[in-house]
$ cat data_4.txt   # compact mmCIF, C-alpha atoms
# COMPACT_ATOMS: atom_id res chain seq x y z
CA MET T 4 67.18 -47.09 -72.51
CA ALA T 5 67.60 -48.06 -68.86
CA GLN T 6 71.32 -47.41 -69.17
CA THR T 7 70.68 -43.90 -70.45
CA VAL T 8 68.34 -43.09 -67.55
CA ASN T 9 70.93 -44.37 -65.11
CA ASP T 10 73.62 -42.21 -66.71
CA VAL T 11 71.43 -39.11 -66.39
CA ALA T 12 70.66 -39.93 -62.77
CA ASP T 13 74.36 -40.38 -62.02
CA LEU T 14 75.18 -37.06 -63.71
CA MET T 15 72.56 -35.20 -61.66
CA SER T 16 73.83 -36.90 -58.54
CA ASP T 17 77.35 -35.69 -59.31
CA LYS T 18 76.15 -32.10 -59.73
CA THR T 19 74.39 -32.31 -56.39
CA ARG T 20 77.46 -33.63 -54.68
CA HIS T 21 79.77 -31.08 -56.37
CA PRO T 22 77.99 -27.62 -56.51
CA LYS T 23 79.47 -24.85 -58.59
CA SER T 24 82.03 -22.93 -56.49
CA ASN T 25 81.87 -19.03 -56.17
CA PHE T 26 84.78 -16.87 -57.25
CA GLN T 27 86.80 -15.61 -54.24
CA VAL T 28 89.23 -12.64 -54.25
CA PRO T 29 92.60 -13.67 -53.03
CA THR T 30 93.55 -12.36 -49.57
CA ALA T 31 96.60 -10.59 -50.94
CA VAL T 32 94.46 -8.64 -53.41
CA ARG T 33 91.98 -7.63 -50.71
CA TYR T 34 94.84 -6.46 -48.49
CA PHE T 35 96.34 -4.47 -51.37
CA PHE T 36 93.08 -2.60 -52.10
CA THR T 37 92.53 -1.88 -48.39
CA VAL T 38 95.98 -0.38 -48.07
CA LEU T 39 95.41 1.59 -51.27
CA VAL T 40 92.13 3.12 -50.02
CA LEU T 41 93.65 4.01 -46.66
CA GLY T 42 96.62 5.57 -48.37
CA LEU T 43 94.37 7.69 -50.56
CA LEU T 44 92.43 8.90 -47.51
CA VAL T 45 95.65 9.84 -45.68
CA LEU T 46 96.90 11.62 -48.79
CA ILE T 47 93.66 13.59 -49.08
CA LEU T 48 93.87 14.60 -45.41
CA ILE T 49 97.48 15.69 -45.76
CA MET T 50 96.78 17.70 -48.89
CA GLY T 51 93.68 19.27 -47.29
CA GLY T 52 95.62 20.27 -44.17
CA LYS T 53 98.40 21.72 -46.29
CA ALA T 54 95.88 23.67 -48.34
CA LEU T 55 94.34 25.11 -45.16
CA ARG T 56 97.74 26.10 -43.81
CA ASN T 57 98.76 27.75 -47.04
CA ALA T 58 95.40 29.48 -47.57
CA PRO T 59 95.52 33.30 -47.54
CA PRO T 60 94.42 35.11 -44.34
CA ALA T 61 90.70 35.57 -44.04
CA ALA T 62 89.29 39.05 -44.52
CA ILE T 63 87.72 40.71 -41.47
CA HIS T 64 84.56 42.65 -42.21
CA VAL T 65 83.33 45.12 -39.57
CA ASP T 66 79.59 45.66 -39.67
CA HIS T 67 78.93 49.41 -39.40
CA GLN T 68 75.25 49.13 -38.47
CA GLY T 69 74.47 50.70 -35.10
CA LEU T 70 77.90 52.34 -34.83
CA THR T 71 78.91 55.96 -35.00
CA VAL T 72 81.70 56.95 -37.35
CA ALA T 73 84.15 57.14 -34.44
CA GLU T 74 83.13 53.71 -33.13
CA TYR T 75 83.39 52.12 -36.57
CA ARG T 76 86.85 53.56 -37.15
CA ALA T 77 88.06 52.53 -33.69
CA LEU T 78 86.86 48.96 -34.18
CA GLN T 79 88.24 48.77 -37.71
CA HIS T 80 91.62 49.99 -36.45
CA VAL T 81 91.74 47.24 -33.81
CA MET T 82 90.73 44.54 -36.30
CA ASN T 83 93.36 45.68 -38.81
CA GLN T 84 96.02 44.98 -36.20
CA GLN T 85 94.95 41.37 -35.72
CA SER T 86 96.80 38.59 -37.51
CA VAL T 87 94.29 35.97 -38.57
CA SER T 88 94.78 32.68 -40.39
CA SER T 89 92.54 31.20 -43.06
CA PHE T 90 88.76 31.28 -43.22
CA PHE T 91 88.38 27.92 -41.46
CA THR T 92 91.28 28.05 -38.99
CA SER T 93 90.87 31.59 -37.62
CA ASP T 94 90.27 31.70 -33.86
CA LEU T 95 86.91 33.45 -33.52
CA GLN T 96 86.99 33.28 -29.73
CA ALA T 97 90.26 35.21 -29.63
CA LEU T 98 88.76 37.92 -31.83
CA ARG T 99 85.69 38.02 -29.60
CA ASP T 100 87.84 38.44 -26.48
CA ILE T 101 89.76 41.30 -28.08
CA THR T 102 86.56 43.04 -29.15
CA THR T 103 84.85 42.72 -25.78
CA GLY T 104 87.99 44.21 -24.26
CA LEU T 105 87.05 47.56 -25.78
CA ALA T 106 85.50 49.64 -22.99
CA TRP T 107 82.62 51.00 -25.08
CA VAL T 108 81.52 47.63 -26.51
CA ASP T 109 78.50 45.97 -24.91
CA GLN T 110 77.78 42.86 -27.02
CA VAL T 111 79.80 41.08 -29.73
CA SER T 112 78.91 38.65 -32.50
CA ILE T 113 81.59 37.11 -34.74
CA SER T 114 80.72 34.71 -37.54
CA ARG T 115 82.03 33.27 -40.81
CA ASN T 116 80.47 34.42 -44.04
CA TRP T 117 81.43 32.90 -47.40
CA GLN T 118 81.17 36.22 -49.23
CA LYS T 119 82.48 38.70 -46.64
CA GLY T 120 84.88 36.57 -44.61
CA ILE T 121 84.89 36.93 -40.82
CA VAL T 122 82.10 39.32 -39.87
CA VAL T 123 82.39 41.34 -36.65
CA THR T 124 79.17 42.86 -35.32
CA VAL T 125 79.08 44.83 -32.08
CA LEU T 126 76.48 46.63 -30.01
CA PRO T 127 77.92 49.70 -28.23
CA LYS T 128 77.06 50.70 -24.69
CA GLN T 129 74.42 53.39 -24.43
CA ALA T 130 75.45 56.16 -22.05
CA VAL T 131 72.80 57.73 -19.84
CA ALA T 132 74.99 59.87 -17.57
CA ASN T 133 78.47 61.27 -17.07
CA PHE T 134 80.75 59.63 -14.54
CA GLY T 135 83.11 62.35 -13.43
CA THR T 136 84.62 64.23 -16.36
CA GLU T 137 86.48 61.43 -18.14
CA ARG T 138 83.95 58.60 -18.37
CA LEU T 139 80.35 57.76 -19.14
CA VAL T 140 78.01 55.27 -17.51
CA ASP T 141 75.13 53.21 -18.90
CA ALA T 142 71.79 52.39 -17.27
CA THR T 143 73.19 49.33 -15.47
CA GLY T 144 76.08 51.27 -13.94
CA ASN T 145 78.84 50.13 -16.30
CA VAL T 146 81.49 52.85 -16.49
CA PHE T 147 83.37 53.21 -19.77
CA VAL T 148 85.44 55.51 -21.93
CA PRO T 149 83.66 56.28 -25.24
CA ALA T 150 85.29 55.74 -28.61
CA ASP T 151 85.05 59.47 -29.28
CA SER T 152 86.37 61.76 -26.52
CA ARG T 153 83.97 64.43 -27.74
CA ASP T 154 81.14 62.40 -26.22
CA LEU T 155 82.44 63.10 -22.72
CA THR T 156 80.66 65.45 -20.30
CA GLN T 157 77.47 65.84 -22.27
CA GLU T 158 75.48 68.77 -21.00
CA ASN T 159 72.13 66.97 -21.13
CA PHE T 160 73.43 64.19 -18.85
CA ALA T 161 73.45 64.08 -15.07
CA THR T 162 76.88 63.63 -13.50
CA LEU T 163 77.70 60.80 -11.12
CA GLN T 164 80.77 60.89 -8.91
CA GLY T 165 82.31 58.36 -6.56
CA ASN T 166 84.33 55.16 -6.60
CA MET T 167 83.97 53.32 -9.90
CA THR T 168 83.14 50.09 -8.09
CA GLN T 169 80.12 51.87 -6.58
CA ALA T 170 78.83 53.06 -9.97
CA PRO T 171 75.88 50.58 -10.10
CA VAL T 172 74.80 51.68 -6.60
CA ILE T 173 75.04 55.36 -7.52
CA MET T 174 73.10 54.81 -10.73
CA GLN T 175 70.35 52.91 -8.90
CA GLN T 176 70.12 55.66 -6.29
CA MET T 177 69.80 58.36 -8.94
CA GLN T 178 67.05 56.48 -10.74
CA GLN T 179 65.13 56.00 -7.50
CA VAL T 180 65.45 59.65 -6.49
CA ASN T 181 64.28 60.76 -9.94
CA ASP T 182 61.20 58.56 -9.57
CA TRP T 183 60.35 60.04 -6.16
CA TYR T 184 60.94 63.68 -7.08
CA ALA T 185 59.53 63.61 -10.64
CA PRO T 186 56.02 64.65 -9.40
CA LEU T 187 57.67 67.81 -8.01
CA GLY T 188 59.20 68.63 -11.37
CA LEU T 189 62.70 67.91 -10.06
CA GLN T 190 65.43 65.85 -11.66
CA VAL T 191 68.89 64.94 -10.39
CA GLU T 192 71.66 66.95 -12.03
CA ASP T 193 74.59 65.80 -9.87
CA ILE T 194 74.89 62.98 -7.37
CA ILE T 195 77.99 62.18 -5.33
CA LEU T 196 78.77 59.27 -3.03
CA SER T 197 81.66 60.17 -0.74
CA PRO T 198 84.16 57.65 0.66
CA ARG T 199 82.26 57.92 3.98
CA MET T 200 79.07 56.84 2.21
CA THR T 201 77.47 60.28 2.42
CA TRP T 202 75.19 61.28 -0.45
CA LEU T 203 75.20 64.76 -1.96
CA ILE T 204 72.42 65.38 -4.46
CA ARG T 205 71.82 68.50 -6.53
CA PHE T 206 68.67 68.94 -8.58
CA ASP T 207 68.18 70.89 -11.80
CA ASN T 208 66.51 73.77 -9.89
CA GLY T 209 69.54 74.22 -7.63
CA LEU T 210 68.13 72.43 -4.59
CA ARG T 211 70.79 70.45 -2.72
CA ILE T 212 70.29 67.52 -0.37
CA ILE T 213 72.83 65.83 1.85
CA VAL T 214 72.01 62.53 3.52
CA ASP T 215 73.97 59.83 5.31
CA ASN T 216 73.89 56.10 4.70
CA GLU T 217 71.44 55.35 7.52
CA ASN T 218 67.85 54.88 6.33
CA THR T 219 68.81 56.82 3.20
CA ALA T 220 65.88 55.73 1.06
CA GLN T 221 63.27 56.43 3.75
CA LYS T 222 64.67 59.90 4.47
CA LEU T 223 64.69 60.87 0.79
CA LEU T 224 61.18 59.53 0.27
CA ASN T 225 59.82 61.37 3.33
CA LEU T 226 61.40 64.64 2.15
CA SER T 227 59.81 64.31 -1.29
CA GLN T 228 56.42 63.94 0.36
CA LEU T 229 57.00 66.99 2.59
CA LEU T 230 58.09 69.09 -0.39
CA GLY T 231 54.89 68.10 -2.15
CA ASN T 232 52.65 68.92 0.81
CA GLN T 233 53.67 70.98 3.89
CA LEU T 234 56.57 72.74 2.16
CA LYS T 235 54.92 73.04 -1.23
CA ASN T 236 54.44 76.84 -1.11
CA ARG T 237 57.98 77.49 0.11
CA ARG T 238 59.82 75.02 -2.08
CA ASP T 239 61.46 77.71 -4.21
CA GLU T 240 62.89 79.35 -1.08
CA ILE T 241 64.83 76.27 -0.01
CA GLN T 242 68.52 76.29 -0.79
CA SER T 243 69.55 72.97 0.77
CA VAL T 244 68.31 70.27 3.12
CA ASP T 245 70.47 68.27 5.53
CA LEU T 246 68.99 64.86 6.32
CA ARG T 247 71.87 63.58 8.45
CA TYR T 248 69.76 63.46 11.56
CA LYS T 249 68.02 60.55 13.22
CA ASN T 250 64.64 62.20 13.78
CA GLY T 251 64.66 65.36 11.72
CA PHE T 252 66.42 67.61 9.20
CA THR T 253 67.59 71.17 8.74
CA ILE T 254 66.76 73.59 5.95
CA ALA T 255 69.02 76.36 4.67
CA TRP T 256 66.92 79.04 3.00
CA ASN T 257 67.88 81.06 -0.03
CA ILE T 258 69.53 84.43 0.60
CA ALA T 259 67.10 87.33 0.29
CA VAL T 260 67.92 89.61 -2.63
CA PRO T 261 68.51 93.22 -1.36
CA LYS T 262 66.59 96.04 -3.00
CA ASP T 263 69.53 98.42 -2.65
CA ASN T 264 73.09 97.44 -3.46
CA ASP T 265 74.26 99.34 -0.38
CA THR T 266 72.00 97.34 1.90
CA PRO T 267 73.86 94.46 3.58
CA VAL T 268 72.69 90.98 2.71
CA LYS T 269 71.36 88.79 5.48
CA GLU T 270 70.78 85.08 5.30
CA LYS T 271 67.57 83.60 6.50
CA PRO T 272 68.16 81.39 9.51
CA THR T 273 68.46 77.65 9.24
CA THR T 274 65.30 75.85 10.20
CA GLU T 275 65.17 72.55 12.01
CA ALA T 276 62.16 70.30 11.60
CA PRO T 277 61.18 66.74 12.41
CA LEU T 278 61.21 64.25 9.58

$ encode --input "data_4.txt" --output "structure tokens"
Amino acid sequence: MAQTVNDVADLMSDKTRHPKSNFQVPTAVRYFFTVLVLGLLVLILIMGGKALRNAPPAAIHVDHQGLTVAEYRALQHVMNQQSVSSFFTSDLQALRDITTGLAWVDQVSISRNWQKGIVVTVLPKQAVANFGTERLVDATGNVFVPADSRDLTQENFATLQGNMTQAPVIMQQMQQVNDWYAPLGLQVEDIILSPRMTWLIRFDNGLRIIVDNENTAQKLLNLSQLLGNQLKNRRDEIQSVDLRYKNGFTIAWNIAVPKDNDTPVKEKPTTEAPL
């Protein structure tokens, strides 16, 4: 009995001294599987890149909302001339640069859409006046050629003239003059800034004003106040006002209409007055 107990104790002691070993994957096998996984990943990348390169060109969809027929056709014509790659590899920034290069385009949005392809959405510039006879100008003074030449020289628009680089200044001046003379029922019809920085303004009632670039705003404001007060009753008789004086101005009066065609016409004299 004692021998049996000793044998059991020795057996347990052997198990303690020699624990069961875990199974270990050979290094060569681990290396093989690592290389295999990496190879599969490289193969997937190569096949994916090849699929992208061989994919058909993405369709370009021009959003017509907010565009006139002429603007939509002009934009569609430009987009049809662009060579684009696949849906994922197309250069959206290049398309955006081309679109913003159109004179009549104000804002551009280009995005990818799974159903439509590459979607081009633009916001056209909104003209508020003519600039000469071949261009339009928006409220911020941006001069542009419209998509439809029939939009040029609109009769309900005022006409601005001058150097194109001065367009924002001319636009700002017109807006300011309209604000000052609106209480008199007058609105600018033509405004010109000459190379010598002389302003020529013609209102919708035929009144013309010429003013230099010295204290221009103050002179125009003072005249509007005079026309609304001291000269109120004779406003319709005024043909033009010259404000190119330091301390005054001159008025050219309308020509008196003769009662008899045989009676010679005489002009009313020019009047000088302090400003």

$ atom_distance --input "data_4.txt" --atom1 "CA of Asp239 (chain T)" --atom2 "CA of Trp256 (chain T)"
9.1 Å

$ atom_distance --input "data_4.txt" --atom1 "CA of Pro29 (chain T)" --atom2 "CA of Leu44 (chain T)"
23.2 Å

$ closest_atom_pairs --input "data_4.txt" --of "region 107-188 of chain T" --to "region 192-198 of chain T" --cutoff "7 Å" --atoms "all atoms listed in the file" --output "tab-separated table"
residue	atom	partner	partner_atom	distance
T:Ala161	CA	T:Glu192	CA	4.5
T:Thr162	CA	T:Asp193	CA	4.8
T:Leu163	CA	T:Ile194	CA	5.2
T:Gln164	CA	T:Ile195	CA	4.7
T:Gly165	CA	T:Leu196	CA	5.1

$ write_last_selection --input "data_4.txt" --atoms "C-alpha atoms" --output "PDB file, in the coordinates of the input"
ATOM      1  CA  ALA T 161      73.450  64.080 -15.070  1.00  0.00           C
ATOM      2  CA  THR T 162      76.880  63.630 -13.500  1.00  0.00           C
ATOM      3  CA  LEU T 163      77.700  60.800 -11.120  1.00  0.00           C
ATOM      4  CA  GLN T 164      80.770  60.890  -8.910  1.00  0.00           C
ATOM      5  CA  GLY T 165      82.310  58.360  -6.560  1.00  0.00           C
TER       6      GLY T 165
END

$ atom_distance --input "data_4.txt" --atom1 "CA of Ala97 (chain T)" --atom2 "CA of Val72 (chain T)"
24.6 Å

$ residues_around --input "data_4.txt" --residues "Tyr75 (chain T)" --least-positions-apart "6" --cutoff "10 Å" --atoms "only C-alpha atoms" --output "list in words"
Val65, Asp66, His67, Gln68, Gly69, Val125 and Ala150 of chain T

$ write_last_selection --input "data_4.txt" --atoms "C-alpha atoms" --output "short mmCIF file (atom, residue, chain, number, x, y, z; two decimals), in the frame of the given file"
data_model
loop_
_atom_site.label_atom_id
_atom_site.label_comp_id
_atom_site.auth_asym_id
_atom_site.auth_seq_id
_atom_site.Cartn_x
_atom_site.Cartn_y
_atom_site.Cartn_z
CA VAL T 65 83.33 45.12 -39.57
CA ASP T 66 79.59 45.66 -39.67
CA HIS T 67 78.93 49.41 -39.40
CA GLN T 68 75.25 49.13 -38.47
CA GLY T 69 74.47 50.70 -35.10
CA VAL T 125 79.08 44.83 -32.08
CA ALA T 150 85.29 55.74 -28.61
#

$ closest_residue --input "data_4.txt" --among "T:Ala185, T:Val180, T:Val191, T:Leu98" --to "Lys222 (chain T)" --atoms "all atoms listed in the file"
T:Val180

$ axis_aligned_box --input "data_4.txt" --around "region 67-79 of chain T" --padding-each-side "4 Å" --output "lines of an AutoDock Vina configuration file"
center_x = 81.4
center_y = 53.0
center_z = -36.3
size_x = 21.8
size_y = 16.4
size_z = 14.3

$ closest_residue --input "data_4.txt" --among "T:Trp202, T:Phe91, T:Tyr248, T:Phe134" --to "Ala170 (chain T)" --atoms "all atoms listed in the file"
T:Phe134

$ closest_residue --input "data_4.txt" --among "T:Ile63, T:Leu139, T:Leu95, T:Met174" --to "Asn83 (chain T)" --atoms "all atoms listed in the file"
T:Ile63

$ closest_residue --input "data_4.txt" --among "T:Thr71, T:Gln179, T:Thr136, T:Thr92" --to "Trp107 (chain T)" --atoms "all atoms listed in the file"
T:Thr71

$ residues_around --input "data_4.txt" --residues "Arg211 (chain T)" --least-positions-apart "5" --cutoff "9 Å" --atoms "all atoms listed in the file" --output "list in words"
Leu203, Ile204, Arg205, Phe206, Ile241, Gln242, Ser243, Val244 and Asp245 of chain T
